[in-house]
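One file, model33.txt, carrying compact mmCIF, C-alpha atoms:
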# COMPACT_ATOMS: atom_id res chain seq x y z
CA MET U 20 35.35 10.99 26.21
CA ASN U 21 33.99 10.16 29.61
CA ALA U 22 30.48 10.04 28.24
CA ASN U 23 31.53 7.66 25.46
CA LYS U 24 33.31 5.45 27.92
CA LYS U 25 30.25 5.40 30.14
CA THR U 26 28.03 4.40 27.18
CA ALA U 27 30.42 1.67 26.11
CA GLU U 28 30.59 0.31 29.62
CA LYS U 29 26.84 0.22 30.07
CA PRO U 30 25.41 -0.93 26.75
CA LEU U 31 22.20 -2.28 28.25
CA ASP U 32 21.47 0.95 30.14
CA ASN U 33 22.03 2.84 26.93
CA PHE U 34 19.87 0.43 24.94
CA LEU U 35 17.00 0.60 27.44
CA SER U 36 17.01 4.37 27.58
CA LEU U 37 16.82 4.53 23.76
CA TYR U 38 14.52 1.62 23.03
CA GLY U 39 12.59 1.03 26.28
CA ASP U 40 9.32 2.38 24.87
CA SER U 41 9.68 0.40 21.64
CA LEU U 42 10.29 -2.80 23.62
CA LYS U 43 7.01 -2.34 25.50
CA ARG U 44 4.94 -2.64 22.32
CA LEU U 45 6.38 -6.03 21.33
CA ALA U 46 3.99 -8.99 21.44
CA LEU U 47 5.88 -11.91 23.02
CA ASN U 48 4.72 -15.48 22.66
CA ASP U 49 5.96 -18.24 24.94
CA SER U 50 7.06 -20.12 21.81
CA GLY U 51 9.73 -17.44 21.34
CA PHE U 52 7.92 -15.73 18.43
CA VAL U 53 8.09 -11.94 18.73
CA PHE U 54 5.99 -9.49 16.69
CA ASP U 55 6.24 -5.72 16.49
CA PRO U 56 2.71 -4.38 15.78
CA MET U 57 4.02 -0.98 14.73
CA ASN U 58 6.44 -1.93 11.99
CA GLY U 59 5.37 -5.50 11.19
CA HIS U 60 8.74 -7.07 11.95
CA SER U 61 8.79 -10.55 13.48
CA PHE U 62 11.64 -12.62 14.80
CA THR U 63 12.33 -15.55 17.10
CA VAL U 64 14.33 -15.71 20.30
CA ASN U 65 15.60 -18.57 22.47
CA PRO U 66 14.30 -19.07 26.06
CA SER U 67 16.95 -16.84 27.65
CA GLY U 68 16.33 -14.14 25.01
CA LEU U 69 12.61 -14.34 25.69
CA GLU U 70 13.17 -14.00 29.43
CA LEU U 71 15.46 -11.05 28.89
CA LEU U 72 12.86 -9.35 26.67
CA LYS U 73 10.14 -9.92 29.27
CA LEU U 74 12.33 -8.42 31.98
CA MET U 75 13.26 -5.45 29.79
CA GLN U 76 9.58 -4.78 29.10
CA LYS U 77 8.85 -4.67 32.83
CA GLN U 78 11.72 -2.66 34.22
CA LYS U 79 14.70 -0.50 33.45
CA ASP U 80 16.82 -1.52 36.43
CA VAL U 81 19.68 -3.19 34.60
CA GLU U 82 21.27 -4.71 37.69
CA LEU U 83 17.99 -6.34 38.66
CA ILE U 84 17.56 -7.71 35.13
CA LYS U 85 21.06 -9.20 35.17
CA HIS U 86 20.52 -10.62 38.64
CA GLN U 87 17.37 -12.44 37.55
CA ILE U 88 18.99 -13.88 34.42
CA LEU U 89 22.01 -15.08 36.40
CA ARG U 90 19.66 -16.68 38.92
CA ASP U 91 17.46 -18.45 36.34
CA PHE U 92 19.98 -19.47 33.66
CA ASP U 93 23.25 -21.33 33.74
CA VAL U 94 25.42 -18.47 32.51
CA SER U 95 28.46 -16.65 33.81
CA THR U 96 28.49 -12.89 34.38
CA GLU U 97 31.04 -12.42 31.59
CA MET U 98 29.01 -14.45 29.14
CA LEU U 99 25.84 -12.62 30.10
CA GLU U 100 27.49 -9.25 29.51
CA ARG U 101 28.68 -10.37 26.09
CA ASP U 102 25.34 -11.92 25.12
CA VAL U 103 23.40 -8.87 26.23
CA VAL U 104 25.50 -6.58 24.05
CA GLU U 105 25.05 -8.86 21.05
CA PHE U 106 21.34 -9.34 21.71
CA SER U 107 20.62 -5.61 22.06
CA GLU U 108 22.52 -4.91 18.83
CA GLN U 109 20.37 -7.50 17.02
CA LEU U 110 17.19 -6.07 18.52
CA LYS U 111 17.97 -2.58 17.22
CA ARG U 112 17.55 -3.86 13.67
CA TYR U 113 13.98 -4.89 14.36
CA LEU U 114 12.89 -1.93 16.47
CA LYS U 115 13.51 0.78 13.86
CA MET J 8 -37.39 6.56 -3.88
CA LEU J 9 -36.63 2.92 -3.24
CA VAL J 10 -32.91 2.37 -2.68
CA ARG J 11 -31.65 -1.11 -3.44
CA GLU J 12 -29.70 -2.99 -0.83
CA VAL J 13 -26.00 -3.05 -1.60
CA ASN J 14 -25.95 -6.84 -1.77
CA GLN J 15 -28.34 -6.75 -4.75
CA LEU J 16 -26.50 -4.28 -6.95
CA SER J 17 -24.82 -4.81 -10.29
CA ILE J 18 -21.28 -3.60 -9.84
CA ALA J 19 -18.68 -3.11 -12.56
CA VAL J 20 -15.05 -3.30 -11.49
CA THR J 21 -12.04 -2.42 -13.66
CA GLY J 22 -8.43 -3.58 -13.27
CA MET J 23 -8.98 -7.27 -13.97
CA ASN J 24 -5.32 -7.68 -14.94
CA ALA J 25 -3.35 -9.89 -12.59
CA ARG J 26 0.17 -10.56 -13.82
CA ALA J 27 1.85 -12.09 -10.84
CA ASP J 28 4.55 -9.43 -10.51
CA ASN J 29 2.13 -6.49 -10.61
CA PRO J 30 -1.55 -7.41 -10.22
CA GLY J 31 -4.33 -4.88 -10.65
CA PRO J 32 -6.69 -4.38 -7.73
CA GLY J 33 -9.85 -5.43 -9.63
CA MET J 34 -9.94 -9.11 -8.73
CA ALA J 35 -9.32 -8.33 -5.05
CA VAL J 36 -12.12 -5.73 -5.06
CA ALA J 37 -14.44 -8.25 -6.76
CA ARG J 38 -13.56 -10.82 -4.08
CA CYS J 39 -14.47 -8.34 -1.32
CA LEU J 40 -17.83 -7.74 -3.01
CA ARG J 41 -18.51 -11.39 -3.76
CA GLU J 42 -17.98 -12.28 -0.10
CA MET J 43 -20.42 -9.68 1.25
CA ALA J 44 -23.13 -11.28 3.38
CA ASN J 45 -26.00 -12.62 1.25
CA PHE J 46 -24.59 -11.16 -1.94
CA GLN J 47 -27.18 -11.62 -4.69
CA GLY J 48 -25.95 -8.96 -7.07
CA LYS J 49 -23.81 -9.16 -10.14
CA ILE J 50 -20.14 -8.33 -10.70
CA ILE J 51 -19.01 -7.23 -14.14
CA GLY J 52 -15.28 -7.41 -14.74
CA LEU J 53 -13.79 -4.74 -17.02
CA GLY J 54 -10.30 -5.00 -18.47
CA TYR J 55 -8.06 -3.77 -21.24
CA ASP J 56 -6.36 -6.94 -22.40
CA VAL J 57 -7.85 -10.16 -23.70
CA LEU J 58 -5.60 -12.07 -21.27
CA ASP J 59 -6.79 -10.24 -18.15
CA PRO J 60 -7.76 -13.25 -16.00
CA GLY J 61 -10.53 -11.52 -14.07
CA LEU J 62 -12.55 -11.27 -17.27
CA PHE J 63 -12.86 -15.06 -17.23
CA GLN J 64 -12.78 -15.89 -13.52
CA THR J 65 -16.38 -17.04 -13.06
CA GLU J 66 -16.07 -17.33 -9.28
CA LEU J 67 -15.50 -13.58 -9.11
CA THR J 68 -17.17 -12.06 -12.14
CA ASP J 69 -20.51 -12.84 -13.77
CA ALA J 70 -19.46 -11.29 -17.06
CA GLY J 71 -16.35 -9.71 -18.52
CA TYR J 72 -15.88 -6.89 -21.05
CA LEU J 73 -12.92 -5.20 -22.66
CA LEU J 74 -12.65 -1.42 -22.52
CA PRO J 75 -10.79 0.69 -25.10
CA TYR J 76 -7.31 1.83 -24.04
CA PRO J 77 -7.27 5.41 -22.68
CA SER J 78 -5.36 6.48 -25.82
CA ALA J 79 -8.53 5.74 -27.85
CA GLY J 80 -10.19 8.75 -26.24
CA GLU J 81 -12.95 9.41 -23.77
CA GLN J 82 -15.82 9.23 -26.25
CA GLU J 83 -14.77 5.68 -27.17
CA LEU J 84 -14.81 4.80 -23.49
CA LEU J 85 -18.23 6.36 -23.01
CA ALA J 86 -19.66 4.53 -26.01
CA ARG J 87 -18.32 1.24 -24.69
CA LEU J 88 -19.76 1.85 -21.22
CA GLN J 89 -23.11 2.70 -22.80
CA TYR J 90 -23.06 -0.60 -24.68
CA ILE J 91 -22.16 -2.56 -21.54
CA GLN J 92 -24.80 -0.71 -19.55
CA GLU J 93 -27.50 -1.72 -22.04
CA LYS J 94 -26.52 -5.35 -21.64
CA GLU J 95 -25.80 -5.50 -17.91
CA GLY J 96 -27.68 -2.71 -16.12
CA ILE J 97 -24.77 -1.53 -14.00
CA ASP J 98 -25.59 0.39 -10.79
CA ILE J 99 -22.08 1.21 -9.63
CA LEU J 100 -18.69 1.37 -11.32
CA ILE J 101 -15.48 1.05 -9.28
CA PRO J 102 -12.45 2.18 -11.32
CA CYS J 103 -9.28 0.50 -10.01
CA LEU J 104 -6.49 1.77 -12.25
CA ASP J 105 -4.68 5.11 -11.90
CA ALA J 106 -4.57 5.77 -15.65
CA GLU J 107 -8.34 5.69 -16.11
CA ILE J 108 -9.42 7.86 -13.15
CA LEU J 109 -9.05 11.20 -14.96
CA SER J 110 -11.17 10.00 -17.90
CA MET J 111 -13.82 8.76 -15.47
CA ILE J 112 -13.85 12.16 -13.76
CA HIS J 113 -14.23 13.92 -17.12
CA LEU J 114 -17.09 11.59 -18.07
CA GLN J 115 -18.81 11.33 -14.70
CA ASP J 116 -21.87 13.37 -15.68
CA GLU J 117 -22.41 11.30 -18.83
CA ILE J 118 -21.80 8.09 -16.91
CA ALA J 119 -24.24 9.23 -14.19
CA ALA J 120 -26.78 9.93 -16.94
CA LEU J 121 -26.48 6.26 -17.92
CA GLY J 122 -27.56 5.41 -14.37
CA ILE J 123 -24.10 4.41 -13.15
CA LYS J 124 -22.75 5.84 -9.88
CA MET J 125 -19.06 6.28 -9.02
CA LEU J 126 -17.21 7.57 -5.96
CA LEU J 127 -14.36 9.63 -7.36
CA PRO J 128 -12.10 12.44 -6.22
CA THR J 129 -12.51 15.78 -7.97
CA LYS J 130 -10.18 16.70 -10.80
CA ASP J 131 -8.41 19.19 -8.52
CA GLN J 132 -7.91 16.56 -5.82
CA LEU J 133 -6.57 14.09 -8.38
CA GLN J 134 -4.16 16.59 -9.89
CA LEU J 135 -2.84 17.77 -6.53
CA ARG J 136 -1.60 14.21 -5.92
CA ASN J 137 0.17 14.03 -9.28
CA LYS J 138 3.82 13.27 -8.73
CA ASP J 139 5.02 16.57 -10.18
CA ARG J 140 2.73 18.66 -7.88
CA LEU J 141 2.63 16.46 -4.79
CA HIS J 142 5.88 17.81 -3.40
CA GLU J 143 4.71 21.43 -3.29
CA PHE J 144 1.24 20.67 -1.98
CA VAL J 145 2.10 18.34 0.89
CA ASN J 146 4.95 20.47 2.17
CA GLU J 147 2.41 23.27 2.67
CA ILE J 148 0.42 21.07 5.04
CA GLY J 149 3.45 19.83 6.94
CA VAL J 150 3.85 16.41 5.33
CA LYS J 151 7.37 15.61 4.22
CA THR J 152 8.33 14.22 0.82
CA PRO J 153 11.75 13.08 -0.35
CA GLU J 154 13.64 16.01 -1.86
CA GLN J 155 12.83 16.02 -5.56
CA THR J 156 13.85 17.70 -8.79
CA VAL J 157 12.54 17.58 -12.34
CA VAL J 158 15.02 16.41 -14.97
CA THR J 159 14.63 16.79 -18.72
CA ASN J 160 18.16 15.94 -19.83
CA SER J 161 20.17 12.87 -18.86
CA ARG J 162 23.35 15.00 -18.62
CA PHE J 163 22.07 15.95 -15.15
CA PHE J 164 23.30 12.62 -13.84
CA ASN J 165 26.93 13.16 -14.81
CA ASP J 166 27.56 16.05 -12.45
CA CYS J 167 24.57 15.95 -10.09
CA THR J 168 26.78 15.08 -7.11
CA LYS J 169 28.29 18.58 -7.39
CA LYS J 170 24.78 20.02 -6.96
CA GLY J 171 24.03 17.99 -3.84
CA TRP J 172 22.37 15.01 -5.51
CA SER J 173 24.50 12.11 -4.33
CA TYR J 174 23.88 8.48 -5.24
CA PRO J 175 21.87 6.36 -4.73
CA LEU J 176 18.98 8.29 -6.28
CA VAL J 177 15.42 7.33 -7.16
CA VAL J 178 14.56 7.92 -10.83
CA LYS J 179 10.78 8.06 -11.47
CA GLY J 180 8.38 8.50 -14.34
CA GLN J 181 5.75 11.20 -13.95
CA PHE J 182 2.94 8.61 -14.06
CA TYR J 183 4.50 5.25 -13.31
CA ASP J 184 7.69 3.26 -12.93
CA ALA J 185 10.68 4.00 -10.77
CA GLY J 186 14.09 2.56 -10.04
CA ILE J 187 17.09 3.13 -7.80
CA ALA J 188 20.33 4.21 -9.46
CA TYR J 189 23.65 3.77 -7.69
CA ASN J 190 25.80 5.54 -10.28
CA PRO J 191 25.45 7.83 -13.33
CA GLU J 192 25.38 4.92 -15.80
CA GLN J 193 22.44 3.27 -14.06
CA ALA J 194 20.63 6.61 -13.70
CA ILE J 195 21.00 7.45 -17.39
CA ALA J 196 19.79 3.99 -18.41
CA LEU J 197 16.74 4.37 -16.15
CA PHE J 198 16.11 7.89 -17.43
CA HIS J 199 15.90 6.71 -21.05
CA LYS J 200 13.95 3.54 -20.25
CA ILE J 201 11.27 5.38 -18.25
CA ALA J 202 11.09 8.37 -20.60
CA ALA J 203 10.57 6.05 -23.59
CA VAL J 204 7.47 4.52 -22.00
CA TRP J 205 6.01 7.28 -19.84
CA GLY J 206 7.37 10.42 -21.46
CA MET J 207 9.08 13.46 -20.00
CA PRO J 208 9.85 14.92 -17.57
CA ILE J 209 11.62 12.49 -15.29
CA LEU J 210 11.58 13.04 -11.54
CA VAL J 211 14.64 12.44 -9.39
CA GLN J 212 14.34 11.96 -5.65
CA LYS J 213 16.77 11.46 -2.81
CA LEU J 214 16.53 7.91 -1.53
CA ILE J 215 14.98 7.57 1.93
CA GLU J 216 16.50 4.65 3.83
CA GLY J 217 13.92 2.89 5.98
CA ASP J 218 10.68 0.92 5.80
CA GLU J 219 7.84 1.42 3.34
CA VAL J 220 4.44 1.51 5.05
CA ASN J 221 1.08 1.63 3.33
CA LEU J 222 -2.42 2.64 4.33
CA THR J 223 -5.77 2.25 2.60
CA GLY J 224 -9.09 3.81 3.46
CA LEU J 225 -12.05 5.75 2.12
CA GLY J 226 -12.31 9.51 2.08
CA ASP J 227 -15.84 10.83 2.61
CA GLY J 228 -15.24 14.10 0.76
CA LYS J 229 -15.57 16.10 3.99
CA GLY J 230 -12.07 15.49 5.27
CA ASN J 231 -12.71 12.24 7.16
CA LEU J 232 -10.77 9.06 6.54
CA LEU J 233 -12.82 5.91 7.14
CA GLY J 234 -11.94 2.27 7.71
CA THR J 235 -8.18 2.61 7.65
CA VAL J 236 -6.04 -0.49 7.31
CA MET J 237 -2.25 -0.28 7.50
CA MET J 238 0.13 -2.80 5.99
CA ARG J 239 3.85 -3.31 5.81
CA LYS J 240 5.24 -5.33 2.92
CA ARG J 241 7.02 -8.49 4.01
CA ALA J 242 8.02 -9.69 0.53
CA ILE J 243 8.04 -7.92 -2.81
CA THR J 244 8.08 -8.87 -6.48
CA ASP J 245 10.73 -7.74 -8.94
CA LYS J 246 8.55 -4.70 -9.58
CA GLY J 247 8.47 -3.81 -5.88
CA LYS J 248 4.83 -4.86 -5.44
CA ALA J 249 3.71 -6.63 -2.29
CA TRP J 250 3.95 -10.40 -2.47
CA ALA J 251 3.32 -10.75 1.24
CA GLY J 252 2.32 -8.15 3.81
CA ILE J 253 1.17 -7.85 7.38
CA THR J 254 -1.30 -5.54 9.11
CA VAL J 255 0.32 -3.07 11.50
CA HIS J 256 -0.78 -0.13 13.60
CA ASP J 257 1.52 2.76 12.89
CA GLY J 258 0.21 5.87 14.63
CA GLY J 259 2.60 8.13 12.73
CA LEU J 260 1.43 6.86 9.35
CA LEU J 261 -2.22 7.25 10.36
CA LYS J 262 -1.65 10.82 11.50
CA GLU J 263 0.03 11.78 8.23
CA ALA J 264 -2.69 10.10 6.14
CA GLU J 265 -5.44 11.88 8.11
CA LYS J 266 -3.64 15.17 7.54
CA LEU J 267 -3.60 14.53 3.78
CA VAL J 268 -7.24 13.48 3.55
CA GLN J 269 -8.31 16.43 5.69
CA ALA J 270 -6.39 18.88 3.50
CA LEU J 271 -7.53 17.35 0.21
CA LYS J 272 -11.12 16.61 1.37
CA TRP J 273 -10.48 13.41 -0.52
CA ARG J 274 -13.52 11.59 -1.87
CA GLY J 275 -13.28 7.89 -2.62
CA PRO J 276 -10.80 5.09 -2.10
CA LEU J 277 -7.11 5.78 -1.73
CA GLU J 278 -3.80 4.19 -0.86
CA VAL J 279 -1.12 6.22 0.89
CA GLU J 280 2.47 5.01 0.46
CA MET J 281 5.07 6.43 2.84
CA MET J 282 8.64 5.72 3.90
CA ARG J 283 9.50 5.79 7.59
CA ASP J 284 13.19 6.55 7.87
CA ASN J 285 15.55 5.28 10.54
CA GLN J 286 14.88 8.37 12.68
CA GLY J 287 11.12 7.68 12.64
CA ASP J 288 10.25 10.51 10.22
CA TYR J 289 7.63 9.89 7.54
CA TYR J 290 7.99 10.80 3.87
CA LEU J 291 5.11 10.62 1.43
CA ILE J 292 5.94 8.63 -1.68
CA GLU J 293 2.59 8.47 -3.40
CA ILE J 294 -1.19 8.75 -3.05
CA ASN J 295 -2.98 6.25 -5.30
CA PRO J 296 -6.58 7.26 -6.15
CA ARG J 297 -8.03 3.76 -5.85
CA PHE J 298 -8.09 0.64 -3.72
CA PRO J 299 -4.76 -1.24 -3.60
CA ALA J 300 -4.26 -4.78 -4.92
CA TRP J 301 -3.98 -5.91 -1.25
CA ILE J 302 -7.50 -4.66 -0.41
CA TYR J 303 -8.72 -8.16 0.47
CA LEU J 304 -6.53 -7.95 3.59
CA ALA J 305 -8.84 -5.16 4.78
CA LYS J 306 -11.96 -7.24 4.16
CA ALA J 307 -10.40 -10.24 5.88
CA ASN J 308 -9.90 -8.02 8.93
CA GLY J 309 -13.54 -6.91 9.12
CA SER J 310 -13.09 -3.68 7.19
CA ASN J 311 -14.78 -4.34 3.84
CA LEU J 312 -13.99 -1.02 2.20
CA PRO J 313 -15.51 -1.86 -1.22
CA ARG J 314 -18.79 -2.62 0.59
CA ALA J 315 -18.48 0.72 2.45
CA LEU J 316 -18.03 2.44 -0.92
CA LEU J 317 -21.32 0.93 -2.14
CA GLU J 318 -23.07 2.04 1.06
CA MET J 319 -21.76 5.60 0.68
CA LEU J 320 -22.97 5.76 -2.91
CA GLN J 321 -26.37 4.32 -1.95
CA GLN J 322 -26.51 6.80 0.95
CA GLN J 323 -27.05 3.98 3.40
CA PRO J 324 -25.64 3.83 6.93
CA LEU J 325 -22.18 2.34 6.86
CA SER J 326 -21.82 -1.18 8.21
CA GLU J 327 -19.31 -1.45 11.00
CA LEU J 328 -15.70 -1.16 9.87
CA GLU J 329 -13.79 -3.05 12.53
CA THR J 330 -10.42 -1.90 13.78
CA PRO J 331 -8.06 -4.29 12.00
CA LYS J 332 -6.18 -6.84 14.06
CA VAL J 333 -2.47 -6.23 13.80
CA GLY J 334 -0.36 -9.16 12.71
CA THR J 335 -2.63 -10.57 10.00
CA LEU J 336 -0.54 -11.71 7.09
CA PHE J 337 -1.39 -12.09 3.43
CA ILE J 338 0.70 -14.15 1.06
CA ARG J 339 -0.15 -13.77 -2.60
CA TYR J 340 -0.03 -16.65 -5.04
CA ALA J 341 -0.65 -17.09 -8.72
CA GLN J 342 -3.44 -19.35 -9.93
CA ASP J 343 -4.37 -20.53 -13.41
CA VAL J 344 -7.77 -19.54 -14.74
CA ILE J 345 -9.03 -22.08 -17.25
CA VAL J 346 -10.73 -20.54 -20.27
CA SER J 347 -12.68 -22.38 -22.94
CA LEU J 348 -11.85 -21.71 -26.56
CA ALA J 349 -15.37 -20.34 -27.01
CA ASP J 350 -14.89 -17.75 -24.26
CA PHE J 351 -11.43 -16.84 -25.50
CA GLU J 352 -12.76 -16.46 -29.03
CA ALA J 353 -15.66 -14.31 -27.85
CA MET J 354 -13.34 -12.05 -25.84
CA THR J 355 -10.95 -11.74 -28.79
CA MET J 356 -13.60 -11.07 -31.40
CA THR J 357 -16.26 -9.13 -29.48
CA GLY J 358 -14.50 -8.08 -26.28
CA GLU J 359 -16.97 -9.73 -23.98
CA ARG J 360 -17.85 -12.80 -22.00
CA ALA J 361 -21.50 -12.42 -21.27
CA LYS J 362 -23.18 -14.04 -18.29
CA GLN J 363 -24.06 -17.68 -18.83
CA ASP J 364 -27.34 -18.89 -17.36
Translate the structure of the given file into structure tokens.
Amino acid sequence: MNANKKTAEKPLDNFLSLYGDSLKRLALNDSGFVFDPMNGHSFTVNPSGLELLKLMQKQKDVELIKHQILRDFDVSTEMLERDVVEFSEQLKRYLK
Amino acid sequence: MLVREVNQLSIAVTGMNARADNPGPGMAVARCLREMANFQGKIIGLGYDVLDPGLFQTELTDAGYLLPYPSAGEQELLARLQYIQEKEGIDILIPCLDAEILSMIHLQDEIAALGIKMLLPTKDQLQLRNKDRLHEFVNEIGVKTPEQTVVTNSRFFNDCTKKGWSYPLVVKGQFYDAGIAYNPEQAIALFHKIAAVWGMPILVQKLIEGDEVNLTGLGDGKGNLLGTVMMRKRAITDKGKAWAGITVHDGGLLKEAEKLVQALKWRGPLEVEMMRDNQGDYYLIEINPRFPAWIYLAKANGSNLPRALLEMLQQQPLSELETPKVGTLFIRYAQDVIVSLADFEAMTMTGERAKQD
């Protein structure tokens, strides 16, 4: 139970540990167009999504990633937490 | 002996059919050849139906001829090829349809005696990739296939769930055609529909959930796979054929395809179709013994595999086959070919549209 609770509390840590390598292969364009060269999927992201993807490609330190997003975008911590969960769930569909 | 340059050869290409929902590869192969640097040769389109557009598409083919259907027998096919050879002086024949490959293998000595070269797998290689034998063969070399069983009676579908065959299931013909059944009624309908056209037995497979990925290349007959191009379908027709696709680099797919070509010592063009499931495991669906209808995507990426086939047959050094750029998209479209009444009449009455000077 503790393990499940830990996973639920830290969705981004969990996401990065599972999909960190897959994220690194994504080709990111400043326009927000994202292409996965391994499976041929493409999708678009907004500026904050693009920044989050760039940060996730570079590092796995979740706190540092959140800190940088909070610094660069007008978003509350609560909203960021919620958006990150939703965003990582959407990403999973494309990274299969 | 003087060997002619590949850009001066007369090349016959079959599979000139191009119905929008399921085009043959012939017109795409012809396009790859036509766009070779300084091409001064001749392309002869061969088809089986008077409405095959490639027979009349003058930008791609210099002449068009009908061939007898495989059911007419191999001697009919040989006689027709002999007639065409006398008129056109063919150097190389590229068969592009699954159903004709076995006849071409049977006739290859006679066809070679006519002065026509082909790059074909052996009969053993071809038969090992038959759907009913594929399962056994590839599992021996460590390539997975969807679990499969042979069905000869539609009653199987009424109680198959008790034997571990839960829906949805893939119902396939032994040569062609397949569909997904979500319940016994759909499975039985598919069973009868496919059996009526393609005969028995019917193959039933467990459905693999995931992405279909495809690879084309040329086997050199020694176990090497040359000029690979990988593609993932981005849009499909009602028949499941690619309507749009994009080049990818899928290391897992490449590894599995190399394993197959190494084990088979495959000679000639091929297309490998695999499913990658949600856990990242690969399952072989099919090996097609020919170029795919999307072969122009390879040429457009610097890997002109039909040209490489000519070079192999002419025993010339292979031109560079570039590593394809990932992310190149093709989008297919249908185009009208305009045919004069005279050409249509000639094709109907004599089965040919000869070159016009």
For a quick test of understanding: name the residues of chain J lying within 9 Å of chain U when counting all atoms listed in the file, and present them as an MDAnalysis selection string. chainID J and resid 217:218 220 238:241 252:258 283:287 333:334
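If all atoms listed in the file are the atoms counted, then among U:Val94, U:Leu35, U:Leu99, U:Val53 the closest residue to Leu74 of chain U is U:Leu35.
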Pick the closest to Gln92 of chain J from J:Leu336, J:Ile187, J:Ile51, J:Leu325: which is it, counting all atoms listed in the file?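 Between J:Leu336, J:Ile187, J:Ile51, J:Leu325, the residue approaching Gln92 of chain J most closely is J:Ile51.
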Using all atoms listed in the file, find all polymer residues with an atom at most 8 Å away from the point (21.7, -15.6, 29.2); report them as an NGL selection string. :U and (67-68 or 71 or 88-89 or 92-94 or 98-99 or 102-103)
File dump, residues just selected, C-alpha atoms, as a short mmCIF file (atom, residue, chain, number, x, y, z; two decimals), keeping the file's coordinate frame:
data_model
loop_
_atom_site.label_atom_id
_atom_site.label_comp_id
_atom_site.auth_asym_id
_atom_site.auth_seq_id
_atom_site.Cartn_x
_atom_site.Cartn_y
_atom_site.Cartn_z
CA SER U 67 16.95 -16.84 27.65
CA GLY U 68 16.33 -14.14 25.01
CA LEU U 71 15.46 -11.05 28.89
CA ILE U 88 18.99 -13.88 34.42
CA LEU U 89 22.01 -15.08 36.40
CA PHE U 92 19.98 -19.47 33.66
CA ASP U 93 23.25 -21.33 33.74
CA VAL U 94 25.42 -18.47 32.51
CA MET U 98 29.01 -14.45 29.14
CA LEU U 99 25.84 -12.62 30.10
CA ASP U 102 25.34 -11.92 25.12
CA VAL U 103 23.40 -8.87 26.23
#
Do you have the atom CA of Pro128 of chain J-atom CA of Arg41 of chain J distance handy? 24.8 Å
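Atom pair atom CA of Leu317 of chain J / atom CA of Leu232 of chain J has a distance of 15.9 Å (rounded to one decimal).
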Counting only C-alpha atoms, the residue among J:Leu16, J:Leu197, J:Met207, J:Leu62 that lies closest to Met34 of chain J is J:Leu62
Can you measure atom CA of Asp69 of chain J to atom CA of Leu320 of chain J for me? One decimal in Å is fine. 21.7 Å
Fewer than 6 positions away in the same chain doesn't count, so skip those; otherwise give me all residues within 9 Å of Val81 of chain U, counting all atoms listed in the file, as a list in words. Leu31, Asp32, Leu35 and Met75 of chain U
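Using all atoms listed in the file, the shortest contact distance between Lys85 of chain U and any of U:Thr63, U:Arg101, U:Ser50, U:Lys111 is found at U:Arg101.
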Which of these residues is nearest to Leu85 of chain J, using all atoms listed in the file: J:Glu143, J:Asp116, J:Glu278, J:Glu263? J:Asp116
Identify, on the basis of only C-alpha atoms, every residue whose closest approach to Gly171 of chain J does not exceed 12 Å; exclude the query and any residue fewer than 4 positions from it along the same chain; express the result as a PyMOL selection string. chain J and resi 154-156+163-164+166-167+175-176+212-213
Only C-alpha atoms, please: the residues just picked out, written as an mmCIF file, in the coordinates of the input.
data_model
loop_
_atom_site.group_PDB
_atom_site.id
_atom_site.type_symbol
_atom_site.label_atom_id
_atom_site.label_comp_id
_atom_site.auth_asym_id
_atom_site.auth_seq_id
_atom_site.Cartn_x
_atom_site.Cartn_y
_atom_site.Cartn_z
ATOM 1 C CA GLU J 154 13.640 16.010 -1.860
ATOM 2 C CA GLN J 155 12.830 16.020 -5.560
ATOM 3 C CA THR J 156 13.850 17.700 -8.790
ATOM 4 C CA PHE J 163 22.070 15.950 -15.150
ATOM 5 C CA PHE J 164 23.300 12.620 -13.840
ATOM 6 C CA ASP J 166 27.560 16.050 -12.450
ATOM 7 C CA CYS J 167 24.570 15.950 -10.090
ATOM 8 C CA PRO J 175 21.870 6.360 -4.730
ATOM 9 C CA LEU J 176 18.980 8.290 -6.280
ATOM 10 C CA GLN J 212 14.340 11.960 -5.650
ATOM 11 C CA LYS J 213 16.770 11.460 -2.810
#
Give me the residues near segment 12-15 of chain J as an mmCIF file with C-alpha atoms, in the coordinates of the input, where near means some atom within 10 Å (using only C-alpha atoms) and where sequence neighbours in that chain fewer than 4 positions away do not count.
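Contents of selection-v6.cif, as written:
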data_model
loop_
_atom_site.group_PDB
_atom_site.id
_atom_site.type_symbol
_atom_site.label_atom_id
_atom_site.label_comp_id
_atom_site.auth_asym_id
_atom_site.auth_seq_id
_atom_site.Cartn_x
_atom_site.Cartn_y
_atom_site.Cartn_z
ATOM 1 C CA LEU J 40 -17.830 -7.740 -3.010
ATOM 2 C CA ARG J 41 -18.510 -11.390 -3.760
ATOM 3 C CA GLU J 42 -17.980 -12.280 -0.100
ATOM 4 C CA MET J 43 -20.420 -9.680 1.250
ATOM 5 C CA ALA J 44 -23.130 -11.280 3.380
ATOM 6 C CA ASN J 45 -26.000 -12.620 1.250
ATOM 7 C CA PHE J 46 -24.590 -11.160 -1.940
ATOM 8 C CA GLN J 47 -27.180 -11.620 -4.690
ATOM 9 C CA GLY J 48 -25.950 -8.960 -7.070
ATOM 10 C CA LYS J 49 -23.810 -9.160 -10.140
ATOM 11 C CA ASP J 98 -25.590 0.390 -10.790
ATOM 12 C CA ILE J 99 -22.080 1.210 -9.630
ATOM 13 C CA ARG J 314 -18.790 -2.620 0.590
ATOM 14 C CA ALA J 315 -18.480 0.720 2.450
ATOM 15 C CA LEU J 316 -18.030 2.440 -0.920
ATOM 16 C CA LEU J 317 -21.320 0.930 -2.140
ATOM 17 C CA GLU J 318 -23.070 2.040 1.060
ATOM 18 C CA MET J 319 -21.760 5.600 0.680
ATOM 19 C CA LEU J 320 -22.970 5.760 -2.910
ATOM 20 C CA GLN J 321 -26.370 4.320 -1.950
ATOM 21 C CA GLN J 323 -27.050 3.980 3.400
#
